[in-house]
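Colleague: Structure file input31.txt, compact mmCIF, N, CA and C atoms, is pasted below:
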# COMPACT_ATOMS: atom_id res chain seq x y z
N MET R 1 -8.43 -43.03 -23.01
CA MET R 1 -8.09 -42.34 -21.80
C MET R 1 -6.91 -41.41 -22.03
N VAL R 2 -5.91 -41.86 -22.73
CA VAL R 2 -4.76 -41.02 -23.05
C VAL R 2 -5.18 -39.90 -23.98
N PHE R 3 -6.12 -40.22 -24.91
CA PHE R 3 -6.59 -39.22 -25.85
C PHE R 3 -7.32 -38.08 -25.12
N ASN R 4 -8.11 -38.40 -24.11
CA ASN R 4 -8.81 -37.37 -23.32
C ASN R 4 -7.81 -36.46 -22.59
N PHE R 5 -6.78 -37.05 -22.05
CA PHE R 5 -5.76 -36.27 -21.35
C PHE R 5 -5.05 -35.32 -22.31
N ILE R 6 -4.67 -35.82 -23.48
CA ILE R 6 -3.98 -34.98 -24.46
C ILE R 6 -4.91 -33.89 -24.97
N ALA R 7 -6.19 -34.21 -25.19
CA ALA R 7 -7.15 -33.21 -25.66
C ALA R 7 -7.34 -32.12 -24.60
N GLN R 8 -7.48 -32.50 -23.34
CA GLN R 8 -7.65 -31.50 -22.28
C GLN R 8 -6.40 -30.64 -22.14
N LEU R 9 -5.24 -31.23 -22.26
CA LEU R 9 -3.99 -30.49 -22.18
C LEU R 9 -3.89 -29.49 -23.33
N ALA R 10 -4.23 -29.92 -24.54
CA ALA R 10 -4.17 -29.04 -25.71
C ALA R 10 -5.17 -27.89 -25.56
N ILE R 11 -6.38 -28.18 -25.10
CA ILE R 11 -7.38 -27.13 -24.92
C ILE R 11 -6.94 -26.16 -23.83
N GLY R 12 -6.36 -26.66 -22.78
CA GLY R 12 -5.87 -25.79 -21.70
C GLY R 12 -4.77 -24.87 -22.18
N LEU R 13 -3.83 -25.41 -22.95
CA LEU R 13 -2.74 -24.59 -23.49
C LEU R 13 -3.28 -23.55 -24.48
N LEU R 14 -4.24 -23.94 -25.31
CA LEU R 14 -4.84 -23.02 -26.27
C LEU R 14 -5.56 -21.88 -25.54
N LEU R 15 -6.34 -22.20 -24.51
CA LEU R 15 -7.05 -21.17 -23.76
C LEU R 15 -6.09 -20.26 -22.99
N SER R 16 -5.01 -20.81 -22.50
CA SER R 16 -4.00 -20.00 -21.82
C SER R 16 -3.34 -19.03 -22.79
N ALA R 17 -3.04 -19.49 -23.99
CA ALA R 17 -2.43 -18.62 -25.00
C ALA R 17 -3.40 -17.52 -25.41
N ILE R 18 -4.68 -17.85 -25.56
CA ILE R 18 -5.67 -16.83 -25.94
C ILE R 18 -5.83 -15.80 -24.83
N SER R 19 -5.86 -16.23 -23.57
CA SER R 19 -6.00 -15.28 -22.48
C SER R 19 -4.76 -14.40 -22.34
N PHE R 20 -3.57 -14.94 -22.65
CA PHE R 20 -2.35 -14.14 -22.62
C PHE R 20 -2.37 -13.07 -23.71
N VAL R 21 -2.83 -13.44 -24.89
CA VAL R 21 -2.87 -12.49 -26.01
C VAL R 21 -3.91 -11.40 -25.76
N LEU R 22 -5.04 -11.74 -25.17
CA LEU R 22 -6.12 -10.79 -24.97
C LEU R 22 -6.02 -9.98 -23.69
N SER R 23 -5.07 -10.29 -22.82
CA SER R 23 -4.95 -9.56 -21.55
C SER R 23 -4.43 -8.15 -21.82
N PRO R 24 -4.93 -7.14 -21.07
CA PRO R 24 -4.48 -5.77 -21.28
C PRO R 24 -3.06 -5.58 -20.78
N ARG R 25 -2.32 -4.77 -21.48
CA ARG R 25 -0.93 -4.49 -21.10
C ARG R 25 -0.92 -3.28 -20.17
N PRO R 26 -0.18 -3.33 -19.08
CA PRO R 26 -0.12 -2.18 -18.17
C PRO R 26 0.70 -1.04 -18.79
N ARG R 27 0.25 0.18 -18.51
CA ARG R 27 1.00 1.34 -18.97
C ARG R 27 2.21 1.52 -18.08
N ILE R 28 3.32 1.80 -18.69
CA ILE R 28 4.54 2.04 -17.93
C ILE R 28 4.72 3.54 -17.83
N GLU R 29 4.44 4.09 -16.64
CA GLU R 29 4.56 5.51 -16.41
C GLU R 29 5.72 5.77 -15.48
N LYS R 30 6.32 6.92 -15.66
CA LYS R 30 7.44 7.30 -14.82
C LYS R 30 6.91 7.67 -13.43
N PRO R 31 7.43 7.08 -12.37
CA PRO R 31 6.92 7.39 -11.03
C PRO R 31 7.27 8.82 -10.64
N THR R 32 6.35 9.45 -9.90
CA THR R 32 6.58 10.80 -9.42
C THR R 32 6.75 10.78 -7.91
N ALA R 33 7.49 11.74 -7.41
CA ALA R 33 7.73 11.83 -5.98
C ALA R 33 6.47 12.30 -5.28
N ALA R 34 6.21 11.78 -4.10
CA ALA R 34 5.03 12.17 -3.33
C ALA R 34 5.28 13.51 -2.66
N GLY R 35 4.25 14.33 -2.66
CA GLY R 35 4.33 15.64 -1.99
C GLY R 35 3.59 15.59 -0.67
N LEU R 36 3.63 16.70 0.06
CA LEU R 36 2.95 16.75 1.35
C LEU R 36 1.43 16.70 1.21
N ASP R 37 0.91 17.10 0.06
CA ASP R 37 -0.53 17.06 -0.16
C ASP R 37 -1.05 15.64 -0.33
N ASP R 38 -0.17 14.69 -0.59
CA ASP R 38 -0.57 13.31 -0.80
C ASP R 38 -0.82 12.55 0.50
N PHE R 39 -0.42 13.12 1.63
CA PHE R 39 -0.54 12.45 2.92
C PHE R 39 -1.62 13.13 3.76
N SER R 40 -2.23 12.35 4.63
CA SER R 40 -3.20 12.88 5.58
C SER R 40 -2.55 12.88 6.96
N LEU R 41 -1.93 13.99 7.31
CA LEU R 41 -1.17 14.08 8.54
C LEU R 41 -2.02 14.70 9.65
N PRO R 42 -1.78 14.31 10.89
CA PRO R 42 -2.48 14.94 12.00
C PRO R 42 -2.09 16.42 12.12
N THR R 43 -3.03 17.25 12.51
CA THR R 43 -2.78 18.67 12.66
C THR R 43 -3.14 19.11 14.07
N ALA R 44 -2.77 20.31 14.40
CA ALA R 44 -3.13 20.91 15.69
C ALA R 44 -3.62 22.32 15.39
N GLU R 45 -4.92 22.49 15.19
CA GLU R 45 -5.49 23.78 14.86
C GLU R 45 -6.52 24.17 15.91
N GLU R 46 -6.54 25.45 16.25
CA GLU R 46 -7.51 25.94 17.21
C GLU R 46 -8.84 26.19 16.50
N GLY R 47 -9.92 25.78 17.13
CA GLY R 47 -11.24 26.02 16.57
C GLY R 47 -11.74 24.92 15.64
N ARG R 48 -10.94 23.94 15.42
CA ARG R 48 -11.36 22.83 14.55
C ARG R 48 -12.27 21.91 15.35
N PRO R 49 -13.39 21.47 14.78
CA PRO R 49 -14.31 20.61 15.55
C PRO R 49 -13.69 19.24 15.85
N ILE R 50 -14.01 18.72 17.02
CA ILE R 50 -13.54 17.39 17.43
C ILE R 50 -14.67 16.40 17.16
N PRO R 51 -14.44 15.41 16.31
CA PRO R 51 -15.52 14.47 16.01
C PRO R 51 -15.81 13.55 17.18
N VAL R 52 -17.09 13.24 17.37
CA VAL R 52 -17.53 12.29 18.40
C VAL R 52 -17.81 10.97 17.69
N VAL R 53 -17.13 9.93 18.11
CA VAL R 53 -17.20 8.64 17.42
C VAL R 53 -17.60 7.57 18.41
N PHE R 54 -18.52 6.73 18.00
CA PHE R 54 -18.93 5.58 18.80
C PHE R 54 -18.47 4.32 18.08
N GLY R 55 -17.68 3.50 18.73
CA GLY R 55 -17.18 2.28 18.11
C GLY R 55 -15.81 2.50 17.50
N THR R 56 -15.45 1.63 16.59
CA THR R 56 -14.16 1.71 15.92
C THR R 56 -14.34 2.31 14.54
N VAL R 57 -13.75 3.49 14.34
CA VAL R 57 -13.90 4.22 13.08
C VAL R 57 -12.55 4.80 12.71
N LEU R 58 -12.23 4.80 11.43
CA LEU R 58 -11.01 5.42 10.95
C LEU R 58 -11.27 6.90 10.70
N ILE R 59 -10.55 7.76 11.40
CA ILE R 59 -10.68 9.20 11.24
C ILE R 59 -9.49 9.67 10.42
N THR R 60 -9.76 10.27 9.27
CA THR R 60 -8.67 10.76 8.43
C THR R 60 -8.34 12.19 8.82
N GLY R 61 -7.06 12.47 8.97
CA GLY R 61 -6.60 13.81 9.31
C GLY R 61 -7.08 14.27 10.67
N PRO R 62 -6.77 13.55 11.74
CA PRO R 62 -7.27 13.94 13.06
C PRO R 62 -6.60 15.21 13.58
N ASN R 63 -7.26 15.87 14.50
CA ASN R 63 -6.72 17.04 15.16
C ASN R 63 -6.07 16.56 16.46
N VAL R 64 -4.78 16.73 16.58
CA VAL R 64 -4.05 16.23 17.73
C VAL R 64 -4.22 17.20 18.89
N VAL R 65 -4.75 16.71 20.00
CA VAL R 65 -4.95 17.54 21.18
C VAL R 65 -3.80 17.30 22.17
N TRP R 66 -3.41 16.05 22.31
CA TRP R 66 -2.33 15.69 23.23
C TRP R 66 -1.59 14.50 22.65
N ALA R 67 -0.28 14.56 22.62
CA ALA R 67 0.51 13.50 22.01
C ALA R 67 1.23 12.65 23.03
N GLY R 68 1.12 12.94 24.31
CA GLY R 68 1.78 12.13 25.32
C GLY R 68 3.11 12.73 25.73
N ASP R 69 3.80 12.03 26.58
CA ASP R 69 5.10 12.49 27.06
C ASP R 69 6.17 12.08 26.05
N LEU R 70 6.49 13.02 25.20
CA LEU R 70 7.51 12.73 24.18
C LEU R 70 8.89 12.92 24.78
N LYS R 71 9.74 11.95 24.56
CA LYS R 71 11.11 12.02 25.07
C LYS R 71 12.06 11.83 23.89
N VAL R 72 13.13 12.56 23.94
CA VAL R 72 14.13 12.47 22.88
C VAL R 72 15.39 11.86 23.48
N ALA R 73 15.89 10.83 22.84
CA ALA R 73 17.12 10.18 23.29
C ALA R 73 18.07 10.10 22.10
N PRO R 74 19.30 10.53 22.27
CA PRO R 74 20.24 10.47 21.17
C PRO R 74 20.62 9.03 20.84
N ILE R 75 20.89 8.81 19.58
CA ILE R 75 21.31 7.46 19.14
C ILE R 75 22.83 7.39 19.28
N ARG R 76 23.25 6.46 20.06
CA ARG R 76 24.69 6.29 20.27
C ARG R 76 25.12 4.97 19.65
N LYS R 77 25.96 5.11 18.70
CA LYS R 77 26.44 3.92 18.01
C LYS R 77 27.94 3.81 18.22
N LYS R 78 28.35 2.67 18.70
CA LYS R 78 29.77 2.45 18.93
C LYS R 78 30.40 1.94 17.66
N GLY R 79 31.38 2.67 17.21
CA GLY R 79 32.11 2.24 16.02
C GLY R 79 33.43 1.63 16.42
N GLY R 80 33.92 0.77 15.62
CA GLY R 80 35.18 0.14 15.95
C GLY R 80 35.95 -0.21 14.70
N LYS R 81 37.17 -0.59 14.93
CA LYS R 81 38.01 -1.01 13.82
C LYS R 81 37.79 -2.48 13.55
N LYS R 82 37.94 -2.82 12.32
CA LYS R 82 37.79 -4.23 11.95
C LYS R 82 39.08 -4.95 12.07
Using the file provided, produce a representation of the structure as structure tokens.
Modeller:
Amino acid sequence: MVFNFIAQLAIGLLLSAISFVLSPRPRIEKPTAAGLDDFSLPTAEEGRPIPVVFGTVLITGPNVVWAGDLKVAPIRKKGGKK
């Protein structure tokens, strides 16, 4: 019984070592800054077709017709001495 446990442990460690050696290494690339072309932002263009959708669907790059009552409020932060 102890021999079976030791054999299974040894086989498990051996297979783990083999999978570690054979696993692909990730390429380390320098990250680049994202540009405006990388994002799908809503637009407001005249003459652009409005899609008709039934159900729940993800629309990429929608044409904004109305954004609601936008209100701007200044951020007031009280500073103090410590």
Colleague: Pick from R:Gly47, R:Gly12, R:Pro42, R:Pro26: nearest to Ile59 (chain R), with only C-alpha atoms counted?
Modeller: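 Result for the nearest residue to Ile59 (chain R): R:Pro42.
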Colleague: Tell me, as a list in words, which residues lie within 12 Å of Ser40 (chain R), counting only C-alpha atoms; anything in the same chain fewer than 4 positions away does not count.
Modeller: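 These residues fall inside the cut-off: Gly35, Leu36, Ile59, Thr60, Gly61, Pro62 and Asn63 of chain R.
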Colleague: According to DSSP computed on the backbone, where in chain R is there helix (DSSP H, G or I)? Give the residues as a PyMOL selection string.
Modeller: chain R and resi 2-22+36-38
Colleague: Between atom C of Pro49 (chain R) and atom N of Val65 (chain R), measure the distance and give it in Å to one decimal.
Modeller: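 Atom C of Pro49 (chain R) sits 10.2 Å away from atom N of Val65 (chain R).
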Colleague: If I take CA of Gly68 (chain R) and atom N of Ile50 (chain R), how far is one from the other in Å, to one decimal?
Modeller: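 Separating CA of Gly68 (chain R) from atom N of Ile50 (chain R) is a distance of 19.0 Å.
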Colleague: Taking all atoms listed in the file into account, name the residue in R:Val64, R:Ile6, R:Ala17, R:Val57 that is nearest to Ala44 (chain R).
Modeller: R:Val64
Colleague: How far is it from atom N of Phe39 (chain R) to CA of Leu58 (chain R), in Å with one decimal?
Modeller: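 Here the two named atoms are 16.1 Å from each other.
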Colleague: As an mmCIF file, in the frame of the given file, please: region 56-67 of chain R completed to all heavy atoms.
Modeller:
data_model
loop_
_atom_site.group_PDB
_atom_site.id
_atom_site.type_symbol
_atom_site.label_atom_id
_atom_site.label_comp_id
_atom_site.auth_asym_id
_atom_site.auth_seq_id
_atom_site.Cartn_x
_atom_site.Cartn_y
_atom_site.Cartn_z
ATOM 1 N N THR R 56 -15.450 1.630 16.590
ATOM 2 C CA THR R 56 -14.160 1.710 15.920
ATOM 3 C C THR R 56 -14.340 2.310 14.540
ATOM 4 O O THR R 56 -15.005 1.738 13.687
ATOM 5 C CB THR R 56 -13.546 0.298 15.791
ATOM 6 O OG1 THR R 56 -13.466 -0.282 17.090
ATOM 7 C CG2 THR R 56 -12.163 0.367 15.186
ATOM 8 N N VAL R 57 -13.750 3.490 14.340
ATOM 9 C CA VAL R 57 -13.900 4.220 13.080
ATOM 10 C C VAL R 57 -12.550 4.800 12.710
ATOM 11 O O VAL R 57 -11.798 5.264 13.574
ATOM 12 C CB VAL R 57 -14.943 5.357 13.222
ATOM 13 C CG1 VAL R 57 -15.071 6.134 11.938
ATOM 14 C CG2 VAL R 57 -16.285 4.820 13.641
ATOM 15 N N LEU R 58 -12.230 4.800 11.430
ATOM 16 C CA LEU R 58 -11.010 5.420 10.950
ATOM 17 C C LEU R 58 -11.270 6.900 10.700
ATOM 18 O O LEU R 58 -12.136 7.262 9.913
ATOM 19 C CB LEU R 58 -10.540 4.749 9.655
ATOM 20 C CG LEU R 58 -9.307 5.358 8.995
ATOM 21 C CD1 LEU R 58 -8.089 5.173 9.902
ATOM 22 C CD2 LEU R 58 -9.062 4.726 7.645
ATOM 23 N N ILE R 59 -10.550 7.760 11.400
ATOM 24 C CA ILE R 59 -10.680 9.200 11.240
ATOM 25 C C ILE R 59 -9.490 9.670 10.420
ATOM 26 O O ILE R 59 -8.343 9.498 10.828
ATOM 27 C CB ILE R 59 -10.714 9.923 12.597
ATOM 28 C CG1 ILE R 59 -11.882 9.420 13.425
ATOM 29 C CG2 ILE R 59 -10.786 11.418 12.409
ATOM 30 C CD1 ILE R 59 -11.906 9.983 14.827
ATOM 31 N N THR R 60 -9.760 10.270 9.270
ATOM 32 C CA THR R 60 -8.670 10.760 8.430
ATOM 33 C C THR R 60 -8.340 12.190 8.820
ATOM 34 O O THR R 60 -9.215 13.027 8.994
ATOM 35 C CB THR R 60 -9.065 10.712 6.952
ATOM 36 O OG1 THR R 60 -10.245 11.490 6.770
ATOM 37 C CG2 THR R 60 -9.325 9.296 6.503
ATOM 38 N N GLY R 61 -7.060 12.470 8.970
ATOM 39 C CA GLY R 61 -6.600 13.810 9.310
ATOM 40 C C GLY R 61 -7.080 14.270 10.670
ATOM 41 O O GLY R 61 -7.749 15.286 10.777
ATOM 42 N N PRO R 62 -6.770 13.550 11.740
ATOM 43 C CA PRO R 62 -7.270 13.940 13.060
ATOM 44 C C PRO R 62 -6.600 15.210 13.580
ATOM 45 O O PRO R 62 -5.519 15.595 13.136
ATOM 46 C CB PRO R 62 -6.903 12.749 13.937
ATOM 47 C CG PRO R 62 -5.707 12.169 13.278
ATOM 48 C CD PRO R 62 -5.907 12.383 11.811
ATOM 49 N N ASN R 63 -7.260 15.870 14.500
ATOM 50 C CA ASN R 63 -6.720 17.040 15.160
ATOM 51 C C ASN R 63 -6.070 16.560 16.460
ATOM 52 O O ASN R 63 -6.747 16.046 17.341
ATOM 53 C CB ASN R 63 -7.831 18.051 15.454
ATOM 54 C CG ASN R 63 -7.295 19.414 15.795
ATOM 55 O OD1 ASN R 63 -6.158 19.735 15.490
ATOM 56 N ND2 ASN R 63 -8.110 20.228 16.442
ATOM 57 N N VAL R 64 -4.780 16.730 16.580
ATOM 58 C CA VAL R 64 -4.050 16.230 17.730
ATOM 59 C C VAL R 64 -4.220 17.200 18.890
ATOM 60 O O VAL R 64 -3.898 18.383 18.786
ATOM 61 C CB VAL R 64 -2.546 16.058 17.402
ATOM 62 C CG1 VAL R 64 -1.781 15.618 18.632
ATOM 63 C CG2 VAL R 64 -2.380 15.058 16.298
ATOM 64 N N VAL R 65 -4.750 16.710 20.000
ATOM 65 C CA VAL R 65 -4.950 17.540 21.180
ATOM 66 C C VAL R 65 -3.800 17.300 22.170
ATOM 67 O O VAL R 65 -3.273 18.216 22.777
ATOM 68 C CB VAL R 65 -6.316 17.242 21.833
ATOM 69 C CG1 VAL R 65 -6.508 18.079 23.073
ATOM 70 C CG2 VAL R 65 -7.427 17.499 20.846
ATOM 71 N N TRP R 66 -3.410 16.050 22.310
ATOM 72 C CA TRP R 66 -2.330 15.690 23.230
ATOM 73 C C TRP R 66 -1.590 14.500 22.650
ATOM 74 O O TRP R 66 -2.203 13.506 22.252
ATOM 75 C CB TRP R 66 -2.922 15.341 24.604
ATOM 76 C CG TRP R 66 -1.917 14.987 25.637
ATOM 77 C CD1 TRP R 66 -1.024 15.821 26.236
ATOM 78 C CD2 TRP R 66 -1.712 13.699 26.210
ATOM 79 N NE1 TRP R 66 -0.279 15.145 27.144
ATOM 80 C CE2 TRP R 66 -0.676 13.823 27.154
ATOM 81 C CE3 TRP R 66 -2.288 12.460 26.037
ATOM 82 C CZ2 TRP R 66 -0.212 12.758 27.899
ATOM 83 C CZ3 TRP R 66 -1.830 11.404 26.783
ATOM 84 C CH2 TRP R 66 -0.802 11.560 27.709
ATOM 85 N N ALA R 67 -0.280 14.560 22.620
ATOM 86 C CA ALA R 67 0.510 13.500 22.010
ATOM 87 C C ALA R 67 1.230 12.650 23.030
ATOM 88 O O ALA R 67 1.939 11.731 22.665
ATOM 89 C CB ALA R 67 1.515 14.094 21.028
#
